[in-house]
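With CSV, C-alpha atoms inside, this is input.csv:
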```csv
chain,number,residue,atom,x,y,z
A,133,MET,CA,0.0,0.0,0.0
A,134,THR,CA,1.4,3.4,-0.9
A,135,THR,CA,1.1,6.1,1.6
A,136,ASN,CA,0.5,9.7,0.7
A,137,ALA,CA,0.4,12.8,2.9
A,138,THR,CA,-3.4,12.7,3.3
A,139,ASP,CA,-3.1,9.1,4.7
A,140,LEU,CA,-0.4,10.2,7.1
A,141,VAL,CA,-2.6,13.1,8.3
A,142,PHE,CA,-5.4,10.7,9.0
A,143,VAL,CA,-3.0,8.4,10.8
A,144,ALA,CA,-1.9,11.3,13.0
A,145,ALA,CA,-5.5,12.4,13.7
A,146,ALA,CA,-6.6,8.9,14.4
A,147,SER,CA,-3.7,8.2,16.7
A,148,ALA,CA,-4.3,11.4,18.7
A,149,GLY,CA,-8.1,10.7,18.9
A,150,ILE,CA,-7.5,7.2,20.2
A,151,TYR,CA,-4.9,8.3,22.6
A,152,LEU,CA,-7.2,10.8,24.2
A,153,PHE,CA,-10.1,8.3,24.2
A,154,LEU,CA,-8.0,5.7,26.0
A,155,ILE,CA,-6.8,8.3,28.6
A,156,VAL,CA,-10.5,9.2,29.3
A,157,LEU,CA,-11.5,5.5,29.3
A,158,LEU,CA,-8.8,4.5,31.7
A,159,ARG,CA,-9.6,7.5,34.0
A,160,VAL,CA,-13.3,6.5,34.0
A,161,PHE,CA,-12.6,2.8,34.7
A,162,GLY,CA,-10.7,3.6,37.8
A,163,ARG,CA,-7.5,3.8,39.7
A,164,ARG,CA,-6.9,0.1,40.1
A,165,THR,CA,-5.6,0.1,36.5
A,166,LEU,CA,-3.0,2.6,37.5
A,167,ALA,CA,-1.8,0.8,40.7
A,168,GLU,CA,-0.5,-2.7,39.9
A,169,LEU,CA,-1.3,-4.6,36.8
A,170,SER,CA,-2.5,-8.1,37.5
A,171,ALA,CA,-2.1,-10.7,34.8
A,172,VAL,CA,-5.7,-10.1,33.6
A,173,ASP,CA,-5.1,-6.3,33.6
A,174,LEU,CA,-1.9,-6.8,31.5
A,175,VAL,CA,-3.8,-8.9,29.0
A,176,VAL,CA,-6.5,-6.3,28.7
A,177,MET,CA,-3.9,-3.6,28.1
A,178,LEU,CA,-2.2,-5.7,25.4
A,179,CYS,CA,-5.6,-6.4,23.8
A,180,LEU,CA,-6.4,-2.7,23.9
A,181,GLY,CA,-3.2,-1.9,22.0
A,182,SER,CA,-4.0,-4.5,19.4
A,183,ALA,CA,-7.6,-3.4,19.1
A,184,VAL,CA,-6.8,0.2,18.4
A,185,GLU,CA,-3.8,-0.3,16.2
A,186,THR,CA,-5.7,-0.9,13.0
A,187,ALA,CA,-7.8,2.1,13.6
A,188,MET,CA,-4.8,4.3,14.3
A,189,ILE,CA,-2.9,3.4,11.1
A,190,ARG,CA,-6.0,2.9,8.9
A,191,ALA,CA,-4.8,-0.6,8.0
A,192,ASP,CA,-1.7,1.0,6.5
A,193,THR,CA,1.2,-1.2,7.5
A,194,SER,CA,3.8,1.1,5.9
A,195,LEU,CA,6.8,2.2,7.9
A,196,ALA,CA,5.7,5.8,7.4
A,197,ALA,CA,2.3,5.2,9.0
A,198,GLY,CA,3.9,3.4,12.0
A,199,VAL,CA,6.4,6.2,12.5
A,200,VAL,CA,3.7,8.9,12.3
A,201,SER,CA,1.5,7.0,14.7
A,202,ALA,CA,4.3,6.3,17.2
A,203,THR,CA,5.5,10.0,17.0
A,204,VAL,CA,2.0,11.3,17.6
A,205,LEU,CA,1.5,8.9,20.6
A,206,LEU,CA,4.9,9.7,22.2
A,207,SER,CA,4.4,13.5,21.6
A,208,LEU,CA,1.0,13.5,23.1
A,209,ASN,CA,2.2,11.5,26.1
A,210,TRP,CA,5.1,13.9,26.6
A,211,LEU,CA,2.7,16.9,26.4
A,212,LEU,CA,0.2,15.3,28.8
A,213,THR,CA,3.1,14.4,31.2
A,214,ARG,CA,4.3,18.0,31.1
A,215,ALA,CA,0.7,19.3,31.7
A,216,VAL,CA,0.2,17.0,34.7
A,217,PHE,CA,3.5,18.1,36.1
A,218,THR,CA,2.9,21.8,35.7
A,219,SER,CA,-0.8,22.2,36.1
A,220,ARG,CA,-2.9,21.4,39.2
A,221,LEU,CA,-6.0,21.3,37.0
A,222,ALA,CA,-4.5,18.9,34.5
A,223,ARG,CA,-3.3,16.7,37.3
A,224,ARG,CA,-6.7,16.6,38.9
A,225,LEU,CA,-8.4,15.9,35.5
A,226,VAL,CA,-6.1,13.2,34.4
A,227,LEU,CA,-5.1,11.5,37.7
A,228,GLY,CA,-7.8,12.6,40.0
A,229,GLY,CA,-7.2,13.2,43.7
A,230,PRO,CA,-7.0,11.1,46.8
A,231,VAL,CA,-10.1,9.3,47.9
A,232,LEU,CA,-10.9,8.5,51.5
A,233,VAL,CA,-11.9,4.8,51.8
A,234,VAL,CA,-11.6,4.1,55.6
A,235,HIS,CA,-12.3,6.7,58.3
A,236,ASN,CA,-12.0,6.0,62.0
A,237,GLY,CA,-12.3,2.2,61.5
A,238,ARG,CA,-15.3,2.4,59.2
A,239,VAL,CA,-15.0,1.4,55.5
A,240,LEU,CA,-16.6,4.0,53.2
A,241,ALA,CA,-18.0,1.4,50.8
A,242,THR,CA,-19.2,3.8,48.1
A,243,ASN,CA,-15.7,5.4,47.8
A,244,ALA,CA,-14.0,2.0,47.9
A,245,ALA,CA,-16.3,0.7,45.1
A,246,ARG,CA,-15.7,3.8,43.1
A,247,CYS,CA,-12.0,3.1,43.2
A,248,GLY,CA,-12.5,-0.6,42.4
A,249,LEU,CA,-11.4,-1.9,45.8
A,250,SER,CA,-13.1,-4.7,47.7
A,251,ASP,CA,-12.9,-5.3,51.4
A,252,ASP,CA,-10.3,-8.0,50.7
A,253,ASP,CA,-8.1,-5.4,48.9
A,254,LEU,CA,-8.5,-3.0,51.9
A,255,ARG,CA,-7.7,-5.8,54.3
A,256,GLN,CA,-4.5,-6.6,52.4
A,257,ALA,CA,-3.5,-2.9,52.5
A,258,ILE,CA,-4.0,-2.7,56.3
A,259,ARG,CA,-2.1,-6.0,56.8
A,260,GLN,CA,0.8,-4.5,54.9
A,261,ARG,CA,0.9,-1.9,57.7
A,262,GLU,CA,0.9,-4.7,60.2
A,263,LEU,CA,-2.6,-3.9,61.4
A,264,GLU,CA,-5.2,-6.6,62.1
A,265,SER,CA,-8.6,-4.9,61.6
A,266,PHE,CA,-10.3,-1.8,60.2
A,267,GLU,CA,-10.9,-0.6,63.8
A,268,GLN,CA,-7.1,0.0,64.1
A,269,VAL,CA,-7.2,2.3,61.1
A,270,ARG,CA,-7.5,6.1,61.6
A,271,PHE,CA,-7.9,6.6,57.8
A,272,ALA,CA,-7.0,4.9,54.5
A,273,VAL,CA,-6.7,6.9,51.3
A,274,VAL,CA,-6.5,5.7,47.7
A,275,GLU,CA,-3.9,8.0,46.2
A,276,ALA,CA,-4.0,9.3,42.6
A,277,ASP,CA,-1.6,6.6,41.5
A,278,GLY,CA,-3.8,3.8,42.9
A,279,THR,CA,-1.7,3.0,46.0
A,280,VAL,CA,-3.5,2.8,49.3
A,281,THR,CA,-2.0,4.8,52.2
A,282,VAL,CA,-3.1,3.6,55.6
A,283,VAL,CA,-2.6,5.6,58.8
A,284,ALA,CA,-3.1,3.7,62.1
A,285,ALA,CA,-5.3,4.9,64.9
A,286,ARG,CA,-3.3,6.0,68.0
```
The structure in this file should be written as structure tokens.
Amino acid sequence: MTTNATDLVFVAAASAGIYLFLIVLLRVFGRRTLAELSAVDLVVMLCLGSAVETAMIRADTSLAAGVVSATVLLSLNWLLTRAVFTSRLARRLVLGGPVLVVHNGRVLATNAARCGLSDDDLRQAIRQRELESFEQVRFAVVEADGTVTVVAAR
């Protein structure tokens, strides 16, 4: 397949659109994706890459289409990283903020569910702090990167 400038512009636009779509989708589907990837999460991410590849390059397997697509993706990622680093608003929109999931020994189930965390996930987080029960927790927060910070009650 021969690639002309119009095809490469389409590849660039499609790559940018899909990149932004995936950022929004991953933000909507929660922090758990950002924390630690399980084997299932990794498979989903790999399948996402394969699923959007054809749309990004318009079934054009030329070197030029691949280079344009990769350049657009890396450039957008660099720009987004810079925006998140320099702008509080961008950081809040892309990463979100901390979410309180345990307060004074009581699990805030709605917040935990919104973050994709089960009671078992929270129990694991408190065990890592060498605590035995929720009653020993002053508060636990799901950070923007998906990690759970636990502070023991005094």
- [ ] Determine the nearest neighbour of Arg214 (chain A) from the options A:Thr242, A:Val226, A:Arg259, A:Asp252, counting all atoms listed in the file.
- [x]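 Using all atoms listed in the file, the shortest distance to Arg214 (chain A) belongs to A:Val226.
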Task: Distance of CA of Ser250 (chain A) from CA of Leu152 (chain A), expressed in Å to one decimal place - done: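 The value is 28.8 Å.
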Compute the distance from (-14.5, 3.9, 47.7) to each atom, counting only C-alpha atoms, keep the residues with any atom at most 12 Å away, and return them as a compact mmCIF listing (two decimals) with C-alpha atoms, in the coordinates of the input; use the coordinates of the file.
```
# COMPACT_ATOMS: atom_id res chain seq x y z
CA GLY A 162 -10.70 3.60 37.80
CA ARG A 163 -7.50 3.80 39.70
CA ARG A 164 -6.90 0.10 40.10
CA PRO A 230 -7.00 11.10 46.80
CA VAL A 231 -10.10 9.30 47.90
CA LEU A 232 -10.90 8.50 51.50
CA VAL A 233 -11.90 4.80 51.80
CA VAL A 234 -11.60 4.10 55.60
CA HIS A 235 -12.30 6.70 58.30
CA ARG A 238 -15.30 2.40 59.20
CA VAL A 239 -15.00 1.40 55.50
CA LEU A 240 -16.60 4.00 53.20
CA ALA A 241 -18.00 1.40 50.80
CA THR A 242 -19.20 3.80 48.10
CA ASN A 243 -15.70 5.40 47.80
CA ALA A 244 -14.00 2.00 47.90
CA ALA A 245 -16.30 0.70 45.10
CA ARG A 246 -15.70 3.80 43.10
CA CYS A 247 -12.00 3.10 43.20
CA GLY A 248 -12.50 -0.60 42.40
CA LEU A 249 -11.40 -1.90 45.80
CA SER A 250 -13.10 -4.70 47.70
CA ASP A 251 -12.90 -5.30 51.40
CA ASP A 253 -8.10 -5.40 48.90
CA LEU A 254 -8.50 -3.00 51.90
CA ALA A 272 -7.00 4.90 54.50
CA VAL A 273 -6.70 6.90 51.30
CA VAL A 274 -6.50 5.70 47.70
CA GLU A 275 -3.90 8.00 46.20
CA GLY A 278 -3.80 3.80 42.90
CA VAL A 280 -3.50 2.80 49.30
```
Task: Point-to-point distance in Å for CA of Thr218 (chain A) and CA of Leu180 (chain A) - done: 28.7 Å
Open item on the list: Using only C-alpha atoms for the distances, tell me which of A:Leu211, A:Val283, A:Val200, A:Leu221 is nearest to Ala137 (chain A).
Closed with: A:Val200
Task: Distance query Ile150 (chain A) at most 9 Å, only C-alpha atoms, self and fewer than 4 positions along chain excluded, as an MDAnalysis selection string - done: chainID A and resid 145:146 154:155 184 187:188
TODO: Have a look at CA of Leu140 (chain A) and CA of Ala222 (chain A) and let me know their distance in Å, one decimal.
DONE: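 Value for the CA of Leu140 (chain A)-CA of Ala222 (chain A) distance: 29.0 Å.
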TODO: Quick one: everything within 8 Å of Val269 (chain A), counting only C-alpha atoms, minus sequence neighbours fewer than 4 positions away in the same chain. Send it as JSON, numbers by chain.
DONE: {"A": [234, 235, 236, 237, 258, 263, 265, 282, 283, 284, 285]}
Task: Distance query 10 Å from (-1.2, 14.7, 20.1) using all atoms listed in the file, result as a list in words - done: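 Final list of nearby residues, as requested, is Ala144, Ala145, Ala146, Ser147, Ala148, Gly149, Ile150, Tyr151, Leu152, Ser201, Thr203, Val204, Leu205, Leu206, Ser207, Leu208, Asn209, Trp210, Leu211 and Leu212 of chain A.
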Open item on the list: Excluding Arg224 (chain A) and its own-chain neighbours fewer than 5 positions away, which residues fall within 12 Å of it when counting only C-alpha atoms? Please give them as a list in words.
Closed with: Arg159, Ala215, Val216, Phe217, Thr218, Ser219, Gly229, Pro230, Glu275, Ala276 and Asp277 of chain A
